[in-house]
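Listing of final-v6.txt; format and content: compact mmCIF, C-alpha atoms and all ligand atoms.
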```txt
# COMPACT_ATOMS: atom_id res chain seq x y z
CA MET T 1 -22.19 15.81 4.54
CA MET T 2 -19.74 13.04 3.77
CA GLN T 3 -19.80 11.89 0.17
CA LEU T 4 -17.91 9.16 -1.60
CA LEU T 5 -16.65 9.95 -5.07
CA VAL T 6 -16.57 6.67 -6.95
CA PRO T 7 -15.24 6.65 -10.50
CA SER T 8 -17.37 4.64 -12.89
CA TRP T 9 -14.66 2.05 -13.64
CA TYR T 10 -15.65 -1.31 -12.17
CA PRO T 11 -12.79 -1.84 -9.64
CA TYR T 12 -13.75 1.41 -7.91
CA GLN T 13 -17.42 0.54 -8.10
CA CYS T 14 -16.63 -2.74 -6.32
CA LEU T 15 -14.78 -0.79 -3.62
CA GLY T 16 -17.57 1.72 -3.15
CA ARG T 17 -20.20 -0.98 -2.80
CA ALA T 18 -18.12 -2.98 -0.30
CA LEU T 19 -17.66 0.12 1.89
CA ASP T 20 -21.43 0.70 1.87
CA GLU T 21 -22.04 -2.92 2.81
CA MET T 22 -19.47 -2.78 5.59
CA LEU T 23 -21.16 0.27 7.12
CA GLY T 24 -24.61 -1.20 6.59
CA GLU T 25 -25.84 2.01 5.00
CA PRO T 26 -24.92 3.52 1.66
CA LEU T 27 -22.63 6.52 1.81
CA ALA T 28 -23.92 9.44 -0.22
CA ARG T 29 -22.26 9.65 -3.62
CA ALA T 30 -20.58 12.77 -4.92
CA PRO T 31 -21.78 13.87 -8.34
CA ALA T 32 -19.82 12.24 -11.13
CA ASP T 33 -18.45 15.60 -12.25
CA ALA T 34 -16.73 16.21 -8.88
CA ASN T 35 -13.48 14.91 -10.37
CA VAL T 36 -10.92 15.85 -7.75
CA ALA T 37 -8.05 14.99 -10.04
CA ALA T 38 -9.08 16.82 -13.16
CA GLU T 39 -7.14 20.07 -12.72
CA HIS T 40 -3.70 18.58 -12.38
CA VAL T 41 -3.57 15.04 -13.68
CA GLY T 42 -6.06 15.29 -16.48
CA GLU T 43 -9.77 14.84 -16.76
CA HIS T 44 -9.53 11.15 -17.59
CA TRP T 45 -8.12 10.09 -14.29
CA GLN T 46 -10.23 9.79 -11.17
CA PHE T 47 -9.37 8.68 -7.68
CA ILE T 48 -11.82 7.15 -5.26
CA ALA T 49 -12.23 9.93 -2.71
CA LEU T 50 -14.12 10.93 0.40
CA LEU T 51 -15.40 14.49 0.28
CA ASP T 52 -16.92 16.59 3.00
CA GLY T 53 -15.95 20.14 2.43
CA GLY T 54 -12.23 20.25 3.18
CA GLU T 55 -9.43 18.66 1.18
CA PRO T 56 -10.50 15.35 -0.38
CA VAL T 57 -9.37 12.15 1.33
CA LEU T 58 -7.77 9.96 -1.32
CA GLY T 59 -6.71 6.33 -1.34
CA THR T 60 -8.36 3.28 0.14
CA THR T 61 -6.43 3.21 3.42
CA ALA T 62 -6.96 6.93 4.02
CA ILE T 63 -10.68 6.59 3.35
CA GLY T 64 -10.80 3.63 5.77
CA GLU T 65 -9.08 5.68 8.47
CA ALA T 66 -11.44 8.64 7.97
CA LEU T 67 -14.53 6.41 8.09
CA ASP T 68 -13.20 4.83 11.29
CA ARG T 69 -13.08 8.24 12.95
CA ARG T 70 -16.48 9.19 11.55
CA TYR T 71 -18.15 5.93 12.71
CA PRO T 72 -16.20 5.03 15.86
CA THR T 73 -18.79 2.56 17.18
CA ARG T 74 -18.57 0.40 14.04
CA ARG T 75 -15.02 -0.66 14.93
CA ILE T 76 -14.08 -0.91 11.26
CA ILE T 77 -10.35 -1.00 12.07
CA GLY T 78 -10.76 -3.21 15.12
CA ILE T 79 -10.57 -2.32 18.78
CA ASP T 80 -7.20 -2.49 20.54
CA PRO T 81 -3.81 -1.58 19.03
CA ILE T 82 -2.94 -5.22 18.21
CA GLY T 83 -6.29 -5.81 16.53
CA ARG T 84 -5.96 -2.55 14.62
CA ALA T 85 -2.47 -3.53 13.46
CA GLU T 86 -3.87 -6.81 12.19
CA VAL T 87 -6.63 -5.12 10.18
CA ARG T 88 -4.19 -2.57 8.76
CA ALA T 89 -1.75 -5.32 7.78
CA HIS T 90 -4.51 -7.19 5.91
CA VAL T 91 -5.56 -4.03 4.18
CA SER T 92 -2.00 -3.24 3.19
CA ARG T 93 -1.66 -6.65 1.54
CA ILE T 94 -5.09 -6.72 -0.02
CA GLU T 95 -4.64 -3.34 -1.65
CA GLU T 96 -1.43 -4.54 -3.33
CA MET T 97 -3.41 -7.33 -4.97
CA PHE T 98 -6.10 -4.87 -5.89
CA TRP T 99 -3.55 -2.68 -7.66
CA CYS T 100 -2.24 -5.75 -9.51
CA LEU T 101 -5.72 -6.41 -10.85
CA VAL T 102 -6.07 -2.75 -11.76
CA MET T 103 -2.82 -2.88 -13.72
CA ALA T 104 -3.68 -6.20 -15.34
CA ASP T 105 -6.84 -4.64 -16.74
CA MET T 106 -5.44 -1.19 -17.45
CA PRO T 107 -6.21 -1.42 -21.18
CA ASP T 108 -9.88 -1.45 -20.17
CA HIS T 109 -9.59 1.77 -18.16
CA PRO T 110 -11.91 4.31 -19.74
CA GLY T 111 -9.46 7.16 -19.14
CA PHE T 112 -6.80 5.85 -21.44
CA GLY T 113 -8.98 5.12 -24.42
CA ARG T 114 -6.31 3.25 -26.33
CA PRO T 115 -4.75 -0.20 -26.17
CA LEU T 116 -1.88 -0.15 -23.69
CA TRP T 117 -0.09 -3.22 -24.83
CA ASN T 118 -0.20 -5.49 -27.80
CA ASP T 119 -2.27 -8.62 -27.82
CA GLY T 120 -0.16 -11.55 -26.83
CA SER T 121 2.45 -9.47 -24.96
CA GLY T 122 2.02 -11.52 -21.80
CA ALA T 123 1.83 -8.31 -19.73
CA ARG T 124 -1.50 -9.16 -18.17
CA GLU T 125 -0.42 -12.69 -17.20
CA ARG T 126 2.86 -11.42 -15.71
CA MET T 127 0.98 -8.84 -13.63
CA LEU T 128 -1.38 -11.50 -12.34
CA GLU T 129 1.57 -13.64 -11.23
CA GLU T 130 1.99 -11.20 -8.35
CA VAL T 131 -1.38 -12.11 -6.89
CA PRO T 132 -1.55 -15.80 -5.82
CA TRP T 133 1.42 -15.81 -3.40
CA ARG T 134 0.05 -12.73 -1.71
CA MET T 135 -3.34 -14.40 -1.45
CA ASP T 136 -1.68 -17.40 0.20
CA THR T 137 -0.79 -15.21 3.17
CA ILE T 138 -4.40 -14.08 3.57
CA GLU T 139 -5.55 -17.68 3.21
CA LEU T 140 -3.14 -18.81 5.95
CA PHE T 141 -4.62 -16.20 8.21
CA ALA T 142 -8.21 -17.04 7.24
CA ALA T 143 -7.52 -20.71 7.99
CA LYS T 144 -6.94 -19.77 11.63
CA ARG T 145 -10.01 -17.56 11.79
CA THR T 146 -12.04 -18.05 14.97
CA THR T 147 -14.33 -15.07 14.49
CA ARG T 148 -17.00 -14.41 11.92
CA PHE T 149 -15.01 -11.81 10.03
CA LEU T 150 -11.28 -11.67 9.28
CA SER T 151 -10.52 -9.87 12.54
CA GLY T 152 -13.48 -9.97 14.87
CA GLU T 153 -17.24 -10.20 14.98
CA LEU T 154 -17.84 -6.99 13.05
CA PRO T 155 -16.94 -6.32 9.43
CA SER T 156 -13.72 -4.34 9.12
CA ILE T 157 -12.15 -2.49 6.23
CA ALA T 158 -10.07 -5.64 5.65
CA ASP T 159 -13.27 -7.58 4.95
CA ALA T 160 -14.58 -4.79 2.75
CA PHE T 161 -11.41 -4.58 0.68
CA LEU T 162 -11.31 -8.37 0.39
CA ALA T 163 -14.88 -8.38 -0.91
CA ALA T 164 -13.95 -5.65 -3.41
CA LEU T 165 -10.87 -7.60 -4.49
CA LEU T 166 -12.83 -10.81 -5.06
CA ASN T 167 -15.53 -8.97 -6.99
CA THR T 168 -12.95 -7.22 -9.15
CA ALA T 169 -11.33 -10.59 -9.85
CA ALA T 170 -14.73 -12.12 -10.67
CA HIS T 171 -15.35 -9.29 -13.13
CA GLN T 172 -12.08 -10.22 -14.84
CA GLY T 173 -13.03 -13.90 -14.88
CA ILE T 174 -10.19 -14.86 -12.53
CA GLY T 175 -12.13 -15.36 -9.29
CA PRO T 176 -10.85 -18.93 -8.85
CA LEU T 177 -7.24 -17.68 -9.03
CA LEU T 178 -7.79 -15.96 -5.70
CA LEU T 179 -10.17 -18.15 -3.76
CA ARG T 180 -8.71 -20.73 -1.39
CA PRO T 181 -10.76 -23.07 0.87
CA SER T 182 -10.76 -20.86 3.97
CA LEU T 183 -11.48 -17.74 1.96
CA GLN T 184 -14.27 -19.58 0.25
CA ARG T 185 -15.75 -20.26 3.68
CA TRP T 186 -15.32 -16.61 4.61
CA ALA T 187 -17.09 -15.63 1.38
CA ALA T 188 -19.92 -18.11 1.94
CA GLU T 189 -20.51 -16.85 5.48
CA ASN T 190 -20.29 -13.15 4.73
CA GLY T 191 -21.45 -12.91 1.11
CA GLN T 192 -25.00 -12.97 -0.27
CA GLY T 193 -25.76 -9.68 1.37
CA ARG T 194 -24.58 -10.71 4.87
CA PRO T 195 -23.33 -8.00 4.65
CA PHE T 196 -21.29 -8.29 1.45
CA THR T 197 -22.29 -9.17 -2.07
CA ILE T 198 -19.54 -11.45 -3.34
CA ASN T 199 -19.48 -12.84 -6.84
CA THR T 200 -17.08 -15.70 -7.32
CA MET C 1 9.82 -5.05 21.52
CA ARG C 2 12.05 -6.38 18.79
CA LEU C 3 12.27 -5.22 15.19
CA SER C 4 13.30 -7.43 12.27
CA MET C 5 14.93 -5.31 9.60
CA PHE C 6 17.20 -5.31 6.59
CA ASP C 7 18.70 -1.86 6.62
CA PRO C 8 19.71 -1.45 2.97
CA VAL C 9 16.27 -1.93 1.38
CA PRO C 10 13.47 0.61 1.20
CA VAL C 11 10.44 -0.85 2.98
CA PRO C 12 12.16 -1.52 6.33
CA ARG C 13 13.80 1.89 5.97
CA LYS C 14 10.36 3.51 6.22
CA VAL C 15 10.14 2.24 9.79
CA GLY C 16 13.79 3.17 10.41
CA LEU C 17 13.16 6.76 9.33
CA TYR C 18 9.93 6.87 11.32
CA LEU C 19 11.72 5.75 14.50
CA ALA C 20 14.52 8.24 13.95
CA LEU C 21 12.11 11.16 13.52
CA LYS C 22 9.68 10.04 16.22
CA GLY C 23 12.45 9.92 18.80
CA LEU C 24 11.33 6.79 20.65
CA PRO C 25 13.88 5.01 22.85
CA PRO C 26 15.88 2.59 20.69
CA ILE C 27 14.13 -0.72 19.87
CA GLU C 28 16.21 -3.90 19.76
CA THR C 29 16.84 -4.64 16.10
CA GLU C 30 17.86 -7.78 14.26
CA GLN C 31 19.01 -7.86 10.62
CA PHE C 32 17.74 -10.44 8.12
CA ASN C 33 19.47 -10.41 4.75
CA ILE C 34 16.66 -10.96 2.25
CA PHE C 35 19.14 -11.76 -0.53
CA LEU C 36 20.53 -14.66 1.46
CA GLY C 37 17.09 -16.10 2.24
CA GLU C 38 17.21 -15.19 5.90
CA THR C 39 13.49 -14.34 5.94
CA ARG C 40 12.61 -17.78 4.58
CA THR C 41 13.70 -19.89 7.54
CA PRO C 42 10.99 -21.71 9.52
CA GLU C 43 11.63 -19.42 12.51
CA PHE C 44 11.15 -16.30 10.45
CA LEU C 45 8.11 -17.66 8.61
CA ALA C 46 6.48 -18.35 11.97
CA ARG C 47 6.85 -14.64 12.62
CA ASN C 48 5.71 -13.53 9.19
CA PRO C 49 4.46 -16.12 6.67
CA ALA C 50 4.91 -13.53 3.90
CA ALA C 51 8.69 -13.68 4.55
CA THR C 52 9.09 -9.92 4.49
CA VAL C 53 10.78 -7.37 6.70
CA PRO C 54 10.02 -5.29 8.69
CA VAL C 55 8.32 -7.18 11.52
CA LEU C 56 7.78 -5.75 15.00
CA GLU C 57 7.41 -8.26 17.81
CA THR C 58 5.71 -7.04 20.93
CA ASP C 59 6.74 -8.02 24.45
CA ASP C 60 3.69 -10.26 24.74
CA GLY C 61 4.56 -12.18 21.60
CA HIS C 62 2.47 -10.59 18.83
CA ALA C 63 4.13 -10.07 15.48
CA ILE C 64 3.08 -6.87 13.75
CA VAL C 65 3.71 -7.01 10.02
CA GLU C 66 3.56 -4.49 7.17
CA SER C 67 5.45 -1.23 7.56
CA PHE C 68 2.24 0.81 7.38
CA ALA C 69 0.64 -1.19 10.22
CA ILE C 70 3.82 -1.00 12.32
CA MET C 71 3.93 2.80 12.15
CA HIS C 72 0.22 3.09 13.01
CA TYR C 73 0.69 0.63 15.88
CA LEU C 74 3.47 2.74 17.36
CA GLU C 75 1.34 5.86 16.90
CA ASP C 76 -1.55 4.11 18.70
CA LEU C 77 0.79 3.31 21.60
CA TYR C 78 2.81 6.53 21.65
CA PRO C 79 0.76 9.42 20.29
CA ASP C 80 3.41 12.04 21.16
CA PRO C 81 4.97 13.63 19.23
CA PRO C 82 2.22 13.07 16.65
CA MET C 83 3.53 11.60 13.40
CA ARG C 84 0.12 11.30 11.74
CA GLY C 85 -1.11 14.85 12.13
CA ALA C 86 -2.08 17.11 15.02
CA SER C 87 -5.58 18.01 13.79
CA GLU C 88 -8.31 16.17 11.88
CA GLU C 89 -7.44 18.16 8.78
CA GLU C 90 -3.77 17.25 9.01
CA ARG C 91 -4.57 13.65 9.85
CA ARG C 92 -6.55 13.32 6.64
CA ARG C 93 -3.71 14.81 4.67
CA VAL C 94 -1.19 12.47 6.31
CA ASP C 95 -3.39 9.45 5.53
CA THR C 96 -3.94 10.62 1.97
CA GLN C 97 -0.24 11.17 1.36
CA ALA C 98 0.66 7.87 3.04
CA ALA C 99 -1.87 6.04 0.86
CA LEU C 100 -0.61 7.73 -2.28
CA ALA C 101 3.04 7.07 -1.33
CA LYS C 102 2.35 3.36 -1.04
CA GLU C 103 0.39 3.32 -4.26
CA PHE C 104 3.16 5.18 -6.09
CA TYR C 105 5.79 2.74 -4.97
CA TYR C 106 3.73 -0.31 -5.75
CA TYR C 107 3.09 0.77 -9.34
CA TYR C 108 6.71 1.87 -9.70
CA ALA C 109 8.08 -1.42 -8.31
CA CYS C 110 5.77 -3.49 -10.51
CA THR C 111 7.14 -1.64 -13.52
CA THR C 112 10.72 -1.81 -12.38
CA VAL C 113 10.81 -5.58 -11.95
CA HIS C 114 10.15 -5.76 -15.67
CA THR C 115 12.41 -2.99 -16.87
CA THR C 116 15.59 -3.23 -14.83
CA ALA C 117 18.32 -5.82 -15.05
CA TYR C 118 18.62 -5.82 -11.27
CA LEU C 119 15.24 -7.35 -10.58
CA SER C 120 14.42 -9.32 -13.68
CA ARG C 121 13.95 -12.75 -12.23
CA ARG C 122 10.39 -12.86 -13.50
CA ASN C 123 10.12 -13.10 -17.28
CA PRO C 124 10.41 -9.42 -18.10
CA VAL C 125 7.68 -7.88 -20.22
CA GLN C 126 8.67 -4.33 -21.11
CA ALA C 127 5.09 -3.52 -22.14
CA ILE C 128 4.04 -3.39 -18.50
CA ASP C 129 5.84 -0.07 -18.37
CA LEU C 130 3.30 1.34 -20.82
CA ALA C 131 0.48 0.72 -18.38
CA ALA C 132 2.17 1.23 -15.05
CA ALA C 133 4.30 4.30 -15.81
CA PRO C 134 1.26 6.55 -16.32
CA LEU C 135 -0.10 5.22 -13.05
CA TRP C 136 2.89 6.01 -10.89
CA ARG C 137 3.34 9.37 -12.58
CA ILE C 138 -0.28 10.29 -11.94
CA VAL C 139 0.08 9.34 -8.29
CA LEU C 140 3.28 11.39 -7.92
CA GLU C 141 1.58 14.39 -9.50
CA GLN C 142 -1.21 13.99 -7.00
CA ILE C 143 1.22 13.80 -4.06
CA SER C 144 2.90 16.97 -5.25
CA HIS C 145 -0.49 18.65 -5.68
CA VAL C 146 -1.66 17.72 -2.17
CA MET C 147 1.64 18.94 -0.67
CA GLU C 148 1.12 22.42 -2.20
CA ASP C 149 3.89 24.67 -0.92
CA ARG C 150 4.25 23.01 2.48
CA PRO C 151 7.75 21.97 3.51
CA PHE C 152 6.70 18.37 4.17
CA LEU C 153 4.14 16.13 2.48
CA ALA C 154 1.35 16.92 4.94
CA GLY C 155 2.38 20.05 6.79
CA VAL C 156 5.16 21.98 8.43
CA GLN C 157 6.49 18.93 10.31
CA PRO C 158 7.55 15.57 8.91
CA THR C 159 4.97 12.80 9.47
CA MET C 160 4.42 9.14 8.69
CA ALA C 161 3.68 10.15 5.11
CA ASP C 162 7.21 11.48 4.60
CA CYS C 163 8.53 8.26 6.13
CA MET C 164 6.53 6.23 3.62
CA LEU C 165 7.84 8.06 0.56
CA TYR C 166 11.39 9.24 1.21
CA PRO C 167 13.02 5.78 1.49
CA MET C 168 11.47 4.78 -1.81
CA PHE C 169 13.21 7.60 -3.64
CA GLU C 170 16.40 7.16 -1.66
CA TYR C 171 16.66 3.56 -2.82
CA THR C 172 15.39 3.88 -6.36
CA LEU C 173 17.62 6.90 -7.07
CA ALA C 174 20.63 4.86 -5.93
CA VAL C 175 19.76 1.47 -7.39
CA TYR C 176 17.41 1.83 -10.36
CA GLY C 177 18.41 5.22 -11.68
CA PHE C 178 15.05 6.78 -10.83
CA THR C 179 14.73 10.46 -11.70
CA PHE C 180 12.09 12.88 -10.45
CA PRO C 181 9.81 14.07 -13.20
CA PRO C 182 11.54 17.45 -13.67
CA HIS C 183 8.37 19.52 -13.50
CA LEU C 184 7.68 18.27 -9.98
CA LYS C 185 10.24 20.69 -8.59
CA ALA C 186 8.64 20.93 -5.16
CA LEU C 187 9.02 17.21 -4.69
CA GLY C 188 12.73 17.37 -5.47
CA ARG C 189 13.16 20.12 -2.90
CA TRP C 190 11.12 18.12 -0.39
CA TYR C 191 13.48 15.20 -0.89
CA ASP C 192 16.52 17.33 -0.04
CA ARG C 193 14.72 18.73 2.99
CA VAL C 194 14.01 15.26 4.42
CA ALA C 195 17.59 14.17 3.73
CA ALA C 196 18.82 17.13 5.78
CA LEU C 197 16.63 16.38 8.82
CA PRO C 198 18.66 15.69 11.95
CA GLY C 199 18.78 11.95 12.50
CA CYS C 200 17.69 11.00 8.96
CA PRO C 201 19.60 7.74 8.43
CA SER C 202 21.71 7.72 5.29
CA LEU C 203 21.64 4.83 2.88
CA LEU C 204 24.99 3.09 2.69
CA LEU C 205 25.25 0.48 -0.03
CA ASP C 206 28.62 -1.17 -0.18
CA GLU C 207 29.89 -3.34 -3.05
CA SER C 208 28.73 -6.53 -1.43
CA PHE C 209 25.16 -5.23 -1.48
CA HIS C 210 25.17 -4.93 -5.25
CA ASP C 211 26.80 -8.35 -5.62
CA GLN C 212 24.15 -9.92 -3.43
CA LEU C 213 21.29 -8.09 -5.14
CA MET C 214 22.55 -9.18 -8.54
CA ALA C 215 23.08 -12.77 -7.40
CA ALA C 216 19.61 -13.00 -5.85
CA HIS C 217 17.48 -11.19 -8.41
CA GLY C 218 19.62 -9.96 -11.27
CA ARG C 219 19.85 -10.98 -14.87
CA ARG C 220 22.77 -10.34 -17.16
CA PHE C 221 21.67 -9.64 -20.71
N1 LIG D 1 4.09 -4.32 2.06
C1 LIG D 1 5.18 -4.78 2.88
C2 LIG D 1 6.36 -5.02 1.99
C3 LIG D 1 7.52 -5.64 2.71
C4 LIG D 1 8.57 -6.09 1.72
O1 LIG D 1 8.26 -6.42 0.56
N2 LIG D 1 9.82 -6.13 2.17
C5 LIG D 1 10.86 -6.64 1.30
C6 LIG D 1 12.10 -5.80 1.46
S1 LIG D 1 11.91 -4.17 0.74
C7 LIG D 1 11.20 -8.05 1.73
O2 LIG D 1 11.26 -8.33 2.91
N3 LIG D 1 11.42 -8.99 0.80
C8 LIG D 1 11.72 -10.34 1.16
C9 LIG D 1 12.26 -11.13 0.01
O3 LIG D 1 12.37 -10.56 -1.09
O4 LIG D 1 12.58 -12.29 0.21
C10 LIG D 1 5.48 -3.77 3.99
O5 LIG D 1 5.13 -2.60 3.81
O6 LIG D 1 6.04 -4.13 5.02
```

Structure translated into structure tokens:
Amino acid sequence: MMQLLVPSWYPYQCLGRALDEMLGEPLARAPADANVAAEHVGEHWQFIALLDGGEPVLGTTAIGEALDRRYPTRRIIGIDPIGRAEVRAHVSRIEEMFWCLVMADMPDHPGFGRPLWNDGSGARERMLEEVPWRMDTIELFAAKRTTRFLSGELPSIADAFLAALLNTAAHQGIGPLLLRPSLQRWAAENGQGRPFTINT
Amino acid sequence: MRLSMFDPVPVPRKVGLYLALKGLPPIETEQFNIFLGETRTPEFLARNPAATVPVLETDDGHAIVESFAIMHYLEDLYPDPPMRGASEEERRRVDTQAALAKEFYYYYACTTVHTTAYLSRRNPVQAIDLAAAPLWRIVLEQISHVMEDRPFLAGVQPTMADCMLYPMFEYTLAVYGFTFPPHLKALGRWYDRVAALPGCPSLLLDESFHDQLMAAHGRRF
């Protein structure tokens, strides 16, 4: 059986929930002690992972690709090669912003258990500077959207990762930094459980 | 098809290495010097509003952006020889390693823009290194762990995953003084193995490259 291992830290929880919502059914969760990273990078670090017996699938894009093969009729990476390239390009950009938010809030990561930079260092603000110009590109694309979701009439992994990104930002109190008018429309149409839960 | 590139820098080089190893017929290539703003012209922005290379334009006028999406697109069109794994098991490993390679470089680059004089146009905050260095090290450890004792990141043949990671080291070793964490010996040997592959393009950085890099992004302390 396929199981998703979702570390308890909130950015990963946002990702796990968005993947469930995209599929329309919750993926089974691996037990919290199935830490696939523990042996070699230390027990404090966990990766989001897809487990089903063989080697774990790690990383958001790899999990998206594996789910696409597991649920081919859901079209979660789109349909034809051009459409699939579009979804993968969105995902590639969205995950960079996601990592920025992860780094900006690193001192909160439960695995480190110590302050990572001094108050007032500006590190968090500098990290967050990487986000808005990247978001502009997604907004430009969303402004030309003619379909319900970012790339088509079915939710793709790009929509799921966008929902996770916005929820992670909302958790950090910086939702408005990311939302632009067209993305706001996307969130209004596809949030509130249809299928995503998006806090802004 | 037409490929927009800038040969000296690492992200376009992923696609360059991929094409060299995949053995597709040559694709028409155009160079855009990012240090001279050549990706910020209206014509280029119409192709890719993010102003980045590489971009692959298809014969029917679509612009495929993001190196990762370009490689997958070419795999979707030309599955042979497979560069993302020949079995489901290998495919998962390729995707995992490709995902980790991108994550490694992103964390590393975010650190480096704050800790090197060659990319310090944003107000540098050295403290970012404290948070991001553990992240990229953890990801590298994981890559090395997933590779086990295989010759390449995901198996006995080079794949997309190798193409995602090798150019990052090639560039950062030459430009930012990156060093492999010494205990990750297998990764160092992997690097030499990729460099020795027939057709692996070598990175040639002449003096003008460093002048342009410094002029565009550098800071003299
Ligand atoms: N995530 C993108 C990154 C592309 C990217 O950042 N390319 C750099 C060169 S390594 C660039 O074009 N920069 C343009 C600039 O700095 O103006 C991809 O994988 O294609």

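Of note, CA of Asp159 in chain T and CA of Met2 in chain T are spaced 21.6 Å apart.
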
Could you give me the centre and size, in Å to one decimal, of an axis-aligned box around all listed atoms of ligand LIG 1 (chain D) with 8 Å added on every side, as lines of an AutoDock Vina configuration file?
```
center_x = 8.3
center_y = -7.4
center_z = 2.0
size_x = 24.5
size_y = 25.7
size_z = 22.1
```

**Asked** Could you list, as JSON, numbers by chain, every residue of chain T that has an atom within 9 Å of an atom of chain C, counting all atoms listed in the file?
**Response** {"T": [37, 40, 41, 42, 45, 54, 55, 56, 57, 58, 59, 60, 61, 62, 63, 65, 66, 80, 81, 82, 84, 85, 86, 87, 88, 89, 90, 92, 93, 95, 96, 99, 100, 103, 104, 106, 107, 116, 117, 118, 121, 122, 123, 124, 126, 127, 130, 133, 134, 136, 137, 140]}

**Prompt:** Between CA of Asp119 in chain T and CA of Asp105 in chain T, what is the spacing in Å?
**Reply:** 12.6 Å

**Point-to-point distance in Å for CA of Met1 in chain C and CA of Gly23 in chain C** = 15.4 Å

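Close contacts of Gln157 in chain C, defined as residues with an atom at most 9 Å away when counting all atoms listed in the file, with chain neighbours fewer than 3 positions off set aside, comprise Met83, Gly85, Pro151, Phe152, Leu153 and Ala154 of chain C.
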
**Asked** Once you count only C-alpha atoms, which residues end up no further than 8 Å from (-21.2, 16.5, 3.1) in the file's frame, shown as a PyMOL selection string?
**Response** chain T and resi 1-3+51-53

Please, could you write that set of residues out with C-alpha atoms as a PDB file, in the frame of the given file?
```
ATOM      1  CA  MET T   1     -22.190  15.810   4.540  1.00  0.00           C
ATOM      2  CA  MET T   2     -19.740  13.040   3.770  1.00  0.00           C
ATOM      3  CA  GLN T   3     -19.800  11.890   0.170  1.00  0.00           C
ATOM      4  CA  LEU T  51     -15.400  14.490   0.280  1.00  0.00           C
ATOM      5  CA  ASP T  52     -16.920  16.590   3.000  1.00  0.00           C
ATOM      6  CA  GLY T  53     -15.950  20.140   2.430  1.00  0.00           C
TER       7      GLY T  53
END
```

**Complete:** The residue from C:Gly155, C:Gly61, C:Pro167, C:Pro12 with the smallest atom-to-atom distance to ligand LIG 1 (chain D), counting all atoms listed in the file, is C:Pro12

**Prompt:** Quick one: residues within 8 Å of Thr168 in chain T, all atoms listed in the file counted, chain neighbours fewer than 4 positions away excluded, as a list in words?
**Reply:** Tyr10, Pro11, Cys14, Phe98, Leu101, Ala164 and Gln172 of chain T

Same residues, C-alpha atoms, saved as a compact mmCIF listing (two decimals), in the frame of the given file:
```txt
# COMPACT_ATOMS: atom_id res chain seq x y z
CA TYR T 10 -15.65 -1.31 -12.17
CA PRO T 11 -12.79 -1.84 -9.64
CA CYS T 14 -16.63 -2.74 -6.32
CA PHE T 98 -6.10 -4.87 -5.89
CA LEU T 101 -5.72 -6.41 -10.85
CA ALA T 164 -13.95 -5.65 -3.41
CA GLN T 172 -12.08 -10.22 -14.84
```

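Distances here use only C-alpha atoms and all ligand atoms; by that measure, the residue among C:Thr52, C:Asn33, C:Ser4, C:Thr116 closest to ligand LIG 1 (chain D) is C:Thr52.
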
**Request:** Check the smallest atom-to-atom distance from each of C:Gly37, C:Asp192, C:Pro26, C:Leu21 to ligand LIG 1 (chain D) using all atoms listed in the file, then report the winner.
**Result:** C:Gly37

**Request:** Would you list the residues near (-17.3, 10.8, -5.2), meaning any protein, DNA or RNA residue with an atom at most 9 Å from that point in file coordinates, counting only C-alpha atoms, as a VMD selection string?
**Result:** chain T and resid 3 to 7 28 to 36 47 to 51

**Near-Tyr166 in chain C list (10 Å; only C-alpha atoms; drop same-chain fewer than 2 positions) as a PyMOL selection string** = chain C and resi 10+13-14+17+101+161-164+168-171+190-192+194-195

Go ahead and save the residues from that selection, with C-alpha atoms, as a PDB file, in the frame of the given file.
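For reference, again.pdb as written:
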```pdb
ATOM      1  CA  PRO C  10      13.470   0.610   1.200  1.00  0.00           C
ATOM      2  CA  ARG C  13      13.800   1.890   5.970  1.00  0.00           C
ATOM      3  CA  LYS C  14      10.360   3.510   6.220  1.00  0.00           C
ATOM      4  CA  LEU C  17      13.160   6.760   9.330  1.00  0.00           C
ATOM      5  CA  ALA C 101       3.040   7.070  -1.330  1.00  0.00           C
ATOM      6  CA  ALA C 161       3.680  10.150   5.110  1.00  0.00           C
ATOM      7  CA  ASP C 162       7.210  11.480   4.600  1.00  0.00           C
ATOM      8  CA  CYS C 163       8.530   8.260   6.130  1.00  0.00           C
ATOM      9  CA  MET C 164       6.530   6.230   3.620  1.00  0.00           C
ATOM     10  CA  MET C 168      11.470   4.780  -1.810  1.00  0.00           C
ATOM     11  CA  PHE C 169      13.210   7.600  -3.640  1.00  0.00           C
ATOM     12  CA  GLU C 170      16.400   7.160  -1.660  1.00  0.00           C
ATOM     13  CA  TYR C 171      16.660   3.560  -2.820  1.00  0.00           C
ATOM     14  CA  TRP C 190      11.120  18.120  -0.390  1.00  0.00           C
ATOM     15  CA  TYR C 191      13.480  15.200  -0.890  1.00  0.00           C
ATOM     16  CA  ASP C 192      16.520  17.330  -0.040  1.00  0.00           C
ATOM     17  CA  VAL C 194      14.010  15.260   4.420  1.00  0.00           C
ATOM     18  CA  ALA C 195      17.590  14.170   3.730  1.00  0.00           C
TER      19      ALA C 195
END
```
